[in-house]
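Structure below is structure_22.pdb: PDB, C-alpha atoms, pLDDT in the B column.
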ATOM      1  CA  MET A   1     -42.539  17.057  23.457  1.00 43.00           C
ATOM      2  CA  SER A   2     -39.782  19.651  23.309  1.00 42.00           C
ATOM      3  CA  ASP A   3     -36.203  18.940  22.156  1.00 44.00           C
ATOM      4  CA  GLU A   4     -34.987  21.785  24.361  1.00 46.00           C
ATOM      5  CA  GLY A   5     -32.009  20.780  26.477  1.00 46.00           C
ATOM      6  CA  GLN A   6     -31.450  17.491  24.653  1.00 46.00           C
ATOM      7  CA  ALA A   7     -28.426  16.747  22.512  1.00 42.00           C
ATOM      8  CA  ILE A   8     -29.369  16.008  18.945  1.00 41.00           C
ATOM      9  CA  GLU A   9     -26.908  14.162  16.736  1.00 40.00           C
ATOM     10  CA  VAL A  10     -26.606  15.689  13.297  1.00 41.00           C
ATOM     11  CA  ARG A  11     -25.063  13.638  10.537  1.00 44.00           C
ATOM     12  CA  THR A  12     -23.407  15.769   7.909  1.00 47.00           C
ATOM     13  CA  GLY A  13     -22.327  12.929   5.666  1.00 56.00           C
ATOM     14  CA  GLU A  14     -18.694  13.852   6.139  1.00 64.00           C
ATOM     15  CA  ARG A  15     -16.256  11.059   6.862  1.00 68.00           C
ATOM     16  CA  ARG A  16     -13.401  11.324   9.269  1.00 80.00           C
ATOM     17  CA  PRO A  17     -10.025  11.436   7.552  1.00 90.00           C
ATOM     18  CA  ILE A  18      -8.156   8.190   6.995  1.00 96.00           C
ATOM     19  CA  GLU A  19      -5.667   7.575   9.798  1.00 97.00           C
ATOM     20  CA  VAL A  20      -2.270   6.105   8.907  1.00 98.00           C
ATOM     21  CA  ARG A  21       0.182   4.792  11.465  1.00 98.00           C
ATOM     22  CA  ASP A  22       2.467   1.885  12.239  1.00 98.00           C
ATOM     23  CA  ALA A  23       0.414  -1.288  12.436  1.00 98.00           C
ATOM     24  CA  VAL A  24       0.443  -3.036  15.787  1.00 98.00           C
ATOM     25  CA  PRO A  25       0.939  -6.817  15.917  1.00 98.00           C
ATOM     26  CA  ALA A  26      -2.755  -7.371  16.710  1.00 98.00           C
ATOM     27  CA  GLU A  27      -3.543  -5.779  13.288  1.00 98.00           C
ATOM     28  CA  TYR A  28      -1.106  -7.836  11.217  1.00 98.00           C
ATOM     29  CA  GLU A  29      -3.668 -10.506  10.350  1.00 98.00           C
ATOM     30  CA  ALA A  30      -6.189  -7.897   9.171  1.00 98.00           C
ATOM     31  CA  VAL A  31      -3.556  -6.046   7.126  1.00 98.00           C
ATOM     32  CA  GLY A  32      -2.402  -9.270   5.461  1.00 98.00           C
ATOM     33  CA  LYS A  33      -5.928 -10.393   4.669  1.00 98.00           C
ATOM     34  CA  ILE A  34      -6.842  -7.003   3.192  1.00 98.00           C
ATOM     35  CA  VAL A  35      -3.714  -6.748   1.046  1.00 97.00           C
ATOM     36  CA  ALA A  36      -4.241 -10.274  -0.322  1.00 96.00           C
ATOM     37  CA  GLU A  37      -7.918  -9.511  -1.041  1.00 96.00           C
ATOM     38  CA  ALA A  38      -6.935  -6.332  -2.871  1.00 96.00           C
ATOM     39  CA  PHE A  39      -4.395  -8.199  -5.015  1.00 94.00           C
ATOM     40  CA  PHE A  40      -6.981 -10.905  -5.847  1.00 92.00           C
ATOM     41  CA  ALA A  41      -9.663  -8.315  -6.693  1.00 93.00           C
ATOM     42  CA  ASP A  42      -7.280  -6.427  -8.975  1.00 89.00           C
ATOM     43  CA  GLY A  43      -6.246  -9.552 -10.894  1.00 88.00           C
ATOM     44  CA  GLN A  44      -2.686  -9.405  -9.596  1.00 89.00           C
ATOM     45  CA  LEU A  45      -2.690 -13.045  -8.478  1.00 87.00           C
ATOM     46  CA  ASP A  46      -4.085 -14.455 -11.730  1.00 86.00           C
ATOM     47  CA  ALA A  47      -0.767 -15.202 -13.440  1.00 74.00           C
ATOM     48  CA  PRO A  48       0.375 -18.828 -13.369  1.00 73.00           C
ATOM     49  CA  GLY A  49       2.945 -19.297 -10.609  1.00 66.00           C
ATOM     50  CA  SER A  50       1.720 -16.355  -8.523  1.00 74.00           C
ATOM     51  CA  GLU A  51      -0.643 -18.296  -6.231  1.00 76.00           C
ATOM     52  CA  PHE A  52       2.045 -18.657  -3.544  1.00 86.00           C
ATOM     53  CA  TYR A  53       2.245 -14.877  -3.270  1.00 91.00           C
ATOM     54  CA  ALA A  54      -1.147 -14.661  -1.530  1.00 92.00           C
ATOM     55  CA  ASP A  55       0.423 -16.459   1.448  1.00 93.00           C
ATOM     56  CA  VAL A  56       3.376 -14.058   1.369  1.00 94.00           C
ATOM     57  CA  LEU A  57       0.986 -11.092   1.390  1.00 96.00           C
ATOM     58  CA  ARG A  58      -0.930 -12.498   4.358  1.00 96.00           C
ATOM     59  CA  ASP A  59       2.228 -13.160   6.395  1.00 97.00           C
ATOM     60  CA  VAL A  60       2.757  -9.641   7.736  1.00 98.00           C
ATOM     61  CA  ALA A  61       4.441 -10.817  10.957  1.00 97.00           C
ATOM     62  CA  SER A  62       7.328 -12.356   8.991  1.00 96.00           C
ATOM     63  CA  ARG A  63       8.219  -9.071   7.349  1.00 96.00           C
ATOM     64  CA  ALA A  64       7.607  -6.769  10.320  1.00 97.00           C
ATOM     65  CA  ASP A  65      11.164  -7.152  11.653  1.00 92.00           C
ATOM     66  CA  ALA A  66      12.732  -6.207   8.319  1.00 95.00           C
ATOM     67  CA  ALA A  67      10.357  -3.426   7.210  1.00 97.00           C
ATOM     68  CA  GLU A  68       7.795  -0.938   8.456  1.00 98.00           C
ATOM     69  CA  ILE A  69       4.179  -2.079   8.316  1.00 98.00           C
ATOM     70  CA  ILE A  70       1.836   0.882   7.948  1.00 98.00           C
ATOM     71  CA  ALA A  71      -1.917   0.533   8.420  1.00 98.00           C
ATOM     72  CA  ALA A  72      -4.721   2.724   7.109  1.00 98.00           C
ATOM     73  CA  LEU A  73      -7.773   2.985   9.353  1.00 98.00           C
ATOM     74  CA  ASP A  74     -11.188   4.381   8.563  1.00 96.00           C
ATOM     75  CA  ASP A  75     -13.098   5.221  11.739  1.00 94.00           C
ATOM     76  CA  GLY A  76     -10.775   2.921  13.688  1.00 95.00           C
ATOM     77  CA  VAL A  77     -11.135  -0.055  11.338  1.00 97.00           C
ATOM     78  CA  VAL A  78      -8.141  -1.314   9.332  1.00 98.00           C
ATOM     79  CA  VAL A  79      -8.917  -0.829   5.637  1.00 98.00           C
ATOM     80  CA  GLY A  80      -5.450  -1.038   4.101  1.00 98.00           C
ATOM     81  CA  GLY A  81      -1.775  -1.504   4.577  1.00 98.00           C
ATOM     82  CA  VAL A  82       1.628  -1.213   3.006  1.00 98.00           C
ATOM     83  CA  THR A  83       5.104  -2.562   3.628  1.00 98.00           C
ATOM     84  CA  PHE A  84       7.647   0.253   3.596  1.00 98.00           C
ATOM     85  CA  VAL A  85      11.368  -0.476   3.236  1.00 98.00           C
ATOM     86  CA  PRO A  86      13.249   2.720   4.099  1.00 96.00           C
ATOM     87  CA  HIS A  87      16.857   1.551   3.666  1.00 89.00           C
ATOM     88  CA  GLY A  88      17.113  -1.715   1.753  1.00 87.00           C
ATOM     89  CA  GLY A  89      17.685  -4.968   3.541  1.00 89.00           C
ATOM     90  CA  PRO A  90      16.005  -8.339   3.119  1.00 93.00           C
ATOM     91  CA  MET A  91      12.597  -6.881   2.235  1.00 95.00           C
ATOM     92  CA  ALA A  92      13.898  -4.759  -0.623  1.00 97.00           C
ATOM     93  CA  ASP A  93      13.296  -6.205  -4.076  1.00 96.00           C
ATOM     94  CA  ILE A  94      14.643  -3.412  -6.257  1.00 98.00           C
ATOM     95  CA  ALA A  95      15.877  -0.599  -3.977  1.00 97.00           C
ATOM     96  CA  ARG A  96      19.432   0.539  -4.533  1.00 96.00           C
ATOM     97  CA  ASP A  97      21.623   2.657  -2.268  1.00 95.00           C
ATOM     98  CA  GLY A  98      19.799   5.841  -1.325  1.00 96.00           C
ATOM     99  CA  GLU A  99      16.376   4.484  -2.291  1.00 97.00           C
ATOM    100  CA  ALA A 100      13.330   3.602  -0.209  1.00 98.00           C
ATOM    101  CA  GLU A 101      10.913   0.970  -1.490  1.00 98.00           C
ATOM    102  CA  VAL A 102       7.145   0.645  -1.276  1.00 98.00           C
ATOM    103  CA  ARG A 103       5.842  -2.935  -1.318  1.00 98.00           C
ATOM    104  CA  MET A 104       2.591  -4.803  -0.905  1.00 97.00           C
ATOM    105  CA  LEU A 105       0.169  -1.868  -0.910  1.00 98.00           C
ATOM    106  CA  GLY A 106      -3.463  -2.861  -0.675  1.00 97.00           C
ATOM    107  CA  VAL A 107      -6.814  -1.376   0.294  1.00 97.00           C
ATOM    108  CA  ALA A 108      -9.925  -3.440   1.005  1.00 97.00           C
ATOM    109  CA  PRO A 109     -12.013  -3.527  -2.175  1.00 94.00           C
ATOM    110  CA  ASP A 110     -15.073  -2.159  -0.341  1.00 95.00           C
ATOM    111  CA  ALA A 111     -13.004   0.734   1.068  1.00 95.00           C
ATOM    112  CA  GLN A 112     -11.360   1.847  -2.165  1.00 94.00           C
ATOM    113  CA  GLY A 113     -12.042   5.379  -3.315  1.00 93.00           C
ATOM    114  CA  ARG A 114     -11.957   6.874   0.189  1.00 94.00           C
ATOM    115  CA  GLY A 115      -8.337   7.989   0.125  1.00 96.00           C
ATOM    116  CA  ALA A 116      -6.661   5.145   2.013  1.00 97.00           C
ATOM    117  CA  GLY A 117      -4.243   4.302  -0.816  1.00 97.00           C
ATOM    118  CA  THR A 118      -3.271   7.952  -1.200  1.00 97.00           C
ATOM    119  CA  ALA A 119      -2.826   8.315   2.566  1.00 98.00           C
ATOM    120  CA  LEU A 120      -0.596   5.227   2.706  1.00 98.00           C
ATOM    121  CA  MET A 121       1.537   6.443  -0.201  1.00 98.00           C
ATOM    122  CA  ARG A 122       1.860   9.943   1.278  1.00 98.00           C
ATOM    123  CA  GLU A 123       2.998   8.389   4.563  1.00 98.00           C
ATOM    124  CA  CYS A 124       5.668   6.396   2.714  1.00 98.00           C
ATOM    125  CA  MET A 125       6.755   9.576   0.952  1.00 98.00           C
ATOM    126  CA  ALA A 126       7.005  11.429   4.281  1.00 97.00           C
ATOM    127  CA  ARG A 127       9.069   8.588   5.762  1.00 98.00           C
ATOM    128  CA  SER A 128      11.461   8.722   2.801  1.00 97.00           C
ATOM    129  CA  ALA A 129      13.090  11.988   3.887  1.00 93.00           C
ATOM    130  CA  GLY A 130      16.828  11.681   3.457  1.00 93.00           C
ATOM    131  CA  THR A 131      16.665   9.295   0.504  1.00 96.00           C
ATOM    132  CA  ARG A 132      17.223  10.159  -3.149  1.00 97.00           C
ATOM    133  CA  ARG A 133      14.155   8.383  -4.497  1.00 97.00           C
ATOM    134  CA  ILE A 134      11.328   5.977  -3.806  1.00 98.00           C
ATOM    135  CA  VAL A 135      10.873   2.899  -5.975  1.00 98.00           C
ATOM    136  CA  LEU A 136       8.089   0.363  -6.327  1.00 98.00           C
ATOM    137  CA  SER A 137       7.047  -2.550  -8.515  1.00 97.00           C
ATOM    138  CA  THR A 138       3.554  -3.139  -9.820  1.00 96.00           C
ATOM    139  CA  GLN A 139       1.836  -5.443 -12.240  1.00 93.00           C
ATOM    140  CA  PRO A 140       0.608  -4.256 -15.639  1.00 95.00           C
ATOM    141  CA  VAL A 141      -3.021  -5.087 -14.679  1.00 93.00           C
ATOM    142  CA  ALA A 142      -3.015  -2.715 -11.670  1.00 94.00           C
ATOM    143  CA  HIS A 143      -4.328   0.292 -13.594  1.00 94.00           C
ATOM    144  CA  GLY A 144      -5.866   1.971 -10.535  1.00 92.00           C
ATOM    145  CA  SER A 145      -2.546   1.749  -8.730  1.00 95.00           C
ATOM    146  CA  HIS A 146      -0.732   3.206 -11.742  1.00 97.00           C
ATOM    147  CA  ARG A 147      -3.079   6.216 -11.696  1.00 96.00           C
ATOM    148  CA  LEU A 148      -2.425   6.722  -7.980  1.00 97.00           C
ATOM    149  CA  TYR A 149       1.355   6.574  -8.402  1.00 98.00           C
ATOM    150  CA  GLU A 150       1.321   8.931 -11.379  1.00 98.00           C
ATOM    151  CA  ARG A 151      -0.968  11.379  -9.566  1.00 98.00           C
ATOM    152  CA  LEU A 152       1.626  11.483  -6.758  1.00 98.00           C
ATOM    153  CA  GLY A 153       4.484  12.212  -9.171  1.00 98.00           C
ATOM    154  CA  PHE A 154       5.917   8.739  -9.744  1.00 98.00           C
ATOM    155  CA  VAL A 155       7.130   7.991 -13.265  1.00 98.00           C
ATOM    156  CA  ARG A 156       7.727   4.722 -15.066  1.00 98.00           C
ATOM    157  CA  GLU A 157      11.283   3.502 -15.337  1.00 98.00           C
ATOM    158  CA  PRO A 158      11.086   0.669 -17.887  1.00 98.00           C
ATOM    159  CA  SER A 159      14.826  -0.035 -17.705  1.00 98.00           C
ATOM    160  CA  ARG A 160      14.245  -1.434 -14.207  1.00 98.00           C
ATOM    161  CA  ASP A 161      11.225  -3.638 -15.007  1.00 98.00           C
ATOM    162  CA  TRP A 162      11.735  -7.214 -13.846  1.00 97.00           C
ATOM    163  CA  ALA A 163      10.137 -10.629 -13.310  1.00 93.00           C
ATOM    164  CA  PRO A 164      10.346 -12.305  -9.880  1.00 89.00           C
ATOM    165  CA  VAL A 165       9.105 -15.566 -11.401  1.00 84.00           C
ATOM    166  CA  PRO A 166       8.522 -16.543 -15.034  1.00 85.00           C
ATOM    167  CA  GLY A 167       5.243 -15.109 -16.301  1.00 81.00           C
ATOM    168  CA  VAL A 168       4.981 -12.387 -13.635  1.00 87.00           C
ATOM    169  CA  ASP A 169       6.296  -9.206 -15.208  1.00 91.00           C
ATOM    170  CA  LEU A 170       6.570  -6.161 -12.955  1.00 95.00           C
ATOM    171  CA  LEU A 171       6.697  -2.500 -13.933  1.00 98.00           C
ATOM    172  CA  VAL A 172       8.861  -0.129 -11.935  1.00 98.00           C
ATOM    173  CA  TYR A 173       7.820   3.361 -10.879  1.00 98.00           C
ATOM    174  CA  VAL A 174      10.214   5.910  -9.362  1.00 98.00           C
ATOM    175  CA  LEU A 175       9.758   9.175  -7.492  1.00 98.00           C
ATOM    176  CA  GLU A 176      12.791  11.459  -7.356  1.00 97.00           C
ATOM    177  CA  LEU A 177      12.964  13.322  -4.073  1.00 96.00           C
TER     178      LEU A 177
END
Once more with this new file: its structure as structure tokens, please.
Amino acid sequence: MSDEGQAIEVRTGERRPIEVRDAVPAEYEAVGKIVAEAFFADGQLDAPGSEFYADVLRDVASRADAAEIIAALDDGVVVGGVTFVPHGGPMADIARDGEAEVRMLGVAPDAQGRGAGTALMRECMARSAGTRRIVLSTQPVAHGSHRLYERLGFVREPSRDWAPVPGVDLLVYVLEL
């Protein structure tokens, strides 16, 4: 039998690039679940007193009015998300005047290593035009996140480290724009 005239699908092994865009309300549940799973997998919810934060991470709808919710999709499937705070307000933890803040970044554990975290951070950086710097908080155990931030030019600013609750110490990273 001849293959002449028939379309043959060839798989090259190449993946489509990660798509980043504003999350739509129908994706909020998936984004929240993924971010919470990423925090659990990374050990960021192991500290005593931090259990409540998993519910905060899952509740994307509550923060959508006060911040930008950005989703990362791989072949149309949500694999990550981030809360971006461009100009302070109720969702800002540490941002000062002229600073944008990145919060609650997470990528599904089974999707890590495909560029979703980098794509989400680059989108936040692009949306920060007109600000002096971008700030973010992270836990000491989040070594993979630290490498990502440093690779993108963020530097530690220990003078701004803080603890939202006793026993949960957060490191601050800053990117001057």
| task | Mind checking which residues fall within 12 Å of stretch 142-155 of chain A, counting only C-alpha atoms, ignoring those fewer than 2 positions away in the same chain, and posting them as a ChimeraX atom specification? | result | /A:38-46,102,104-107,109,112-113,115-125,133-140,157-160,169-177
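Taken over the shown file, the PyMOL selection byres ((chain A and resi 131) around 8) identifies Gly98, Glu99, Ala100, Ser128, Ala129, Gly130, Arg132, Arg133, Ile134 and Leu177 of chain A.
Between A:Arg114 and the candidates A:Thr83, A:Ile94, A:Arg156, A:Ala72, the tightest atom-to-atom separation, counting all atoms listed in the file, involves A:Ala72.
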| query | From the list A:Gly167, A:Pro86, A:Gly80, A:Pro25, which residue is nearest A:Ala61 when using only C-alpha atoms? | reply |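 Answer, going by the shortest atom-to-atom distance: A:Pro25.
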| Once the PyMOL selection byres ((chain A and resi 91) around 9) has been applied to the shown file, what residues remain in the selection, as a list of chain:residue names? |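 Against this file, the PyMOL selection byres ((chain A and resi 91) around 9) returns the residues A:Arg63, A:Ala66, A:Ala67, A:Thr83, A:Phe84, A:Val85, A:Gly88, A:Gly89, A:Pro90, A:Ala92, A:Asp93, A:Glu101, A:Arg103.
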| Of the listed residues A:Ile70, A:Val168, A:Val31, A:Val79, that which approaches A:Leu57 most closely, counting only C-alpha atoms |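 Going through A:Ile70, A:Val168, A:Val31, A:Val79 one by one, the smallest distance to A:Leu57 is for A:Val31.
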| query | Could you state the separation of atom CA of A:Ala111 and atom CA of A:Val24 in Å, given to one decimal place? | reply | 20.3 Å
| message | Set the distance at 8 Å and use all atoms listed in the file: which residues neighbour A:Asp22 once local chain neighbours fewer than 3 positions away are removed? I'd like the list as a PyMOL selection string. | response | chain A and resi 68-71
Would you compute, for all listed atoms of stretch 55-72 of chain A, the axis-aligned bounding box grown by 4 Å on each side, and then report its centre and edge lengths in Å rounded to one decimal, as JSON?
{"center_x": 4.0, "center_y": -6.9, "center_z": 6.5, "size_x": 25.5, "size_y": 27.2, "size_z": 18.3}
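The closest residue to A:Arg58, picked from A:Glu29, A:Glu19, A:Asp161, A:Asp74 and counting all atoms listed in the file, is A:Glu29.
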| said: Nearest residue to A:Gly76 out of A:Pro17, A:Pro48, A:Pro166, A:Gly32, using all atoms listed in the file? | reply: A:Pro17
| Point-to-point distance in Å for atom CA of A:Arg127 and atom CA of A:Asp75 |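 If I compute the distance from atom CA of A:Asp75 to atom CA of A:Arg127, I get 23.2 Å.
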| task | Between atom CA of A:Leu73 and atom CA of A:Ile18, measure the distance and give it in Å to one decimal. | result |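 Atom-to-atom, atom CA of A:Leu73 to atom CA of A:Ile18, that is 5.7 Å.
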| request: Point out the residue among A:Ala108, A:Asp65, A:Val56, A:Ser50 with the least atom-to-atom distance to A:Ala163, counting only C-alpha atoms. | output: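 Looking at the shortest contact to A:Ala163, the residue is A:Ser50.
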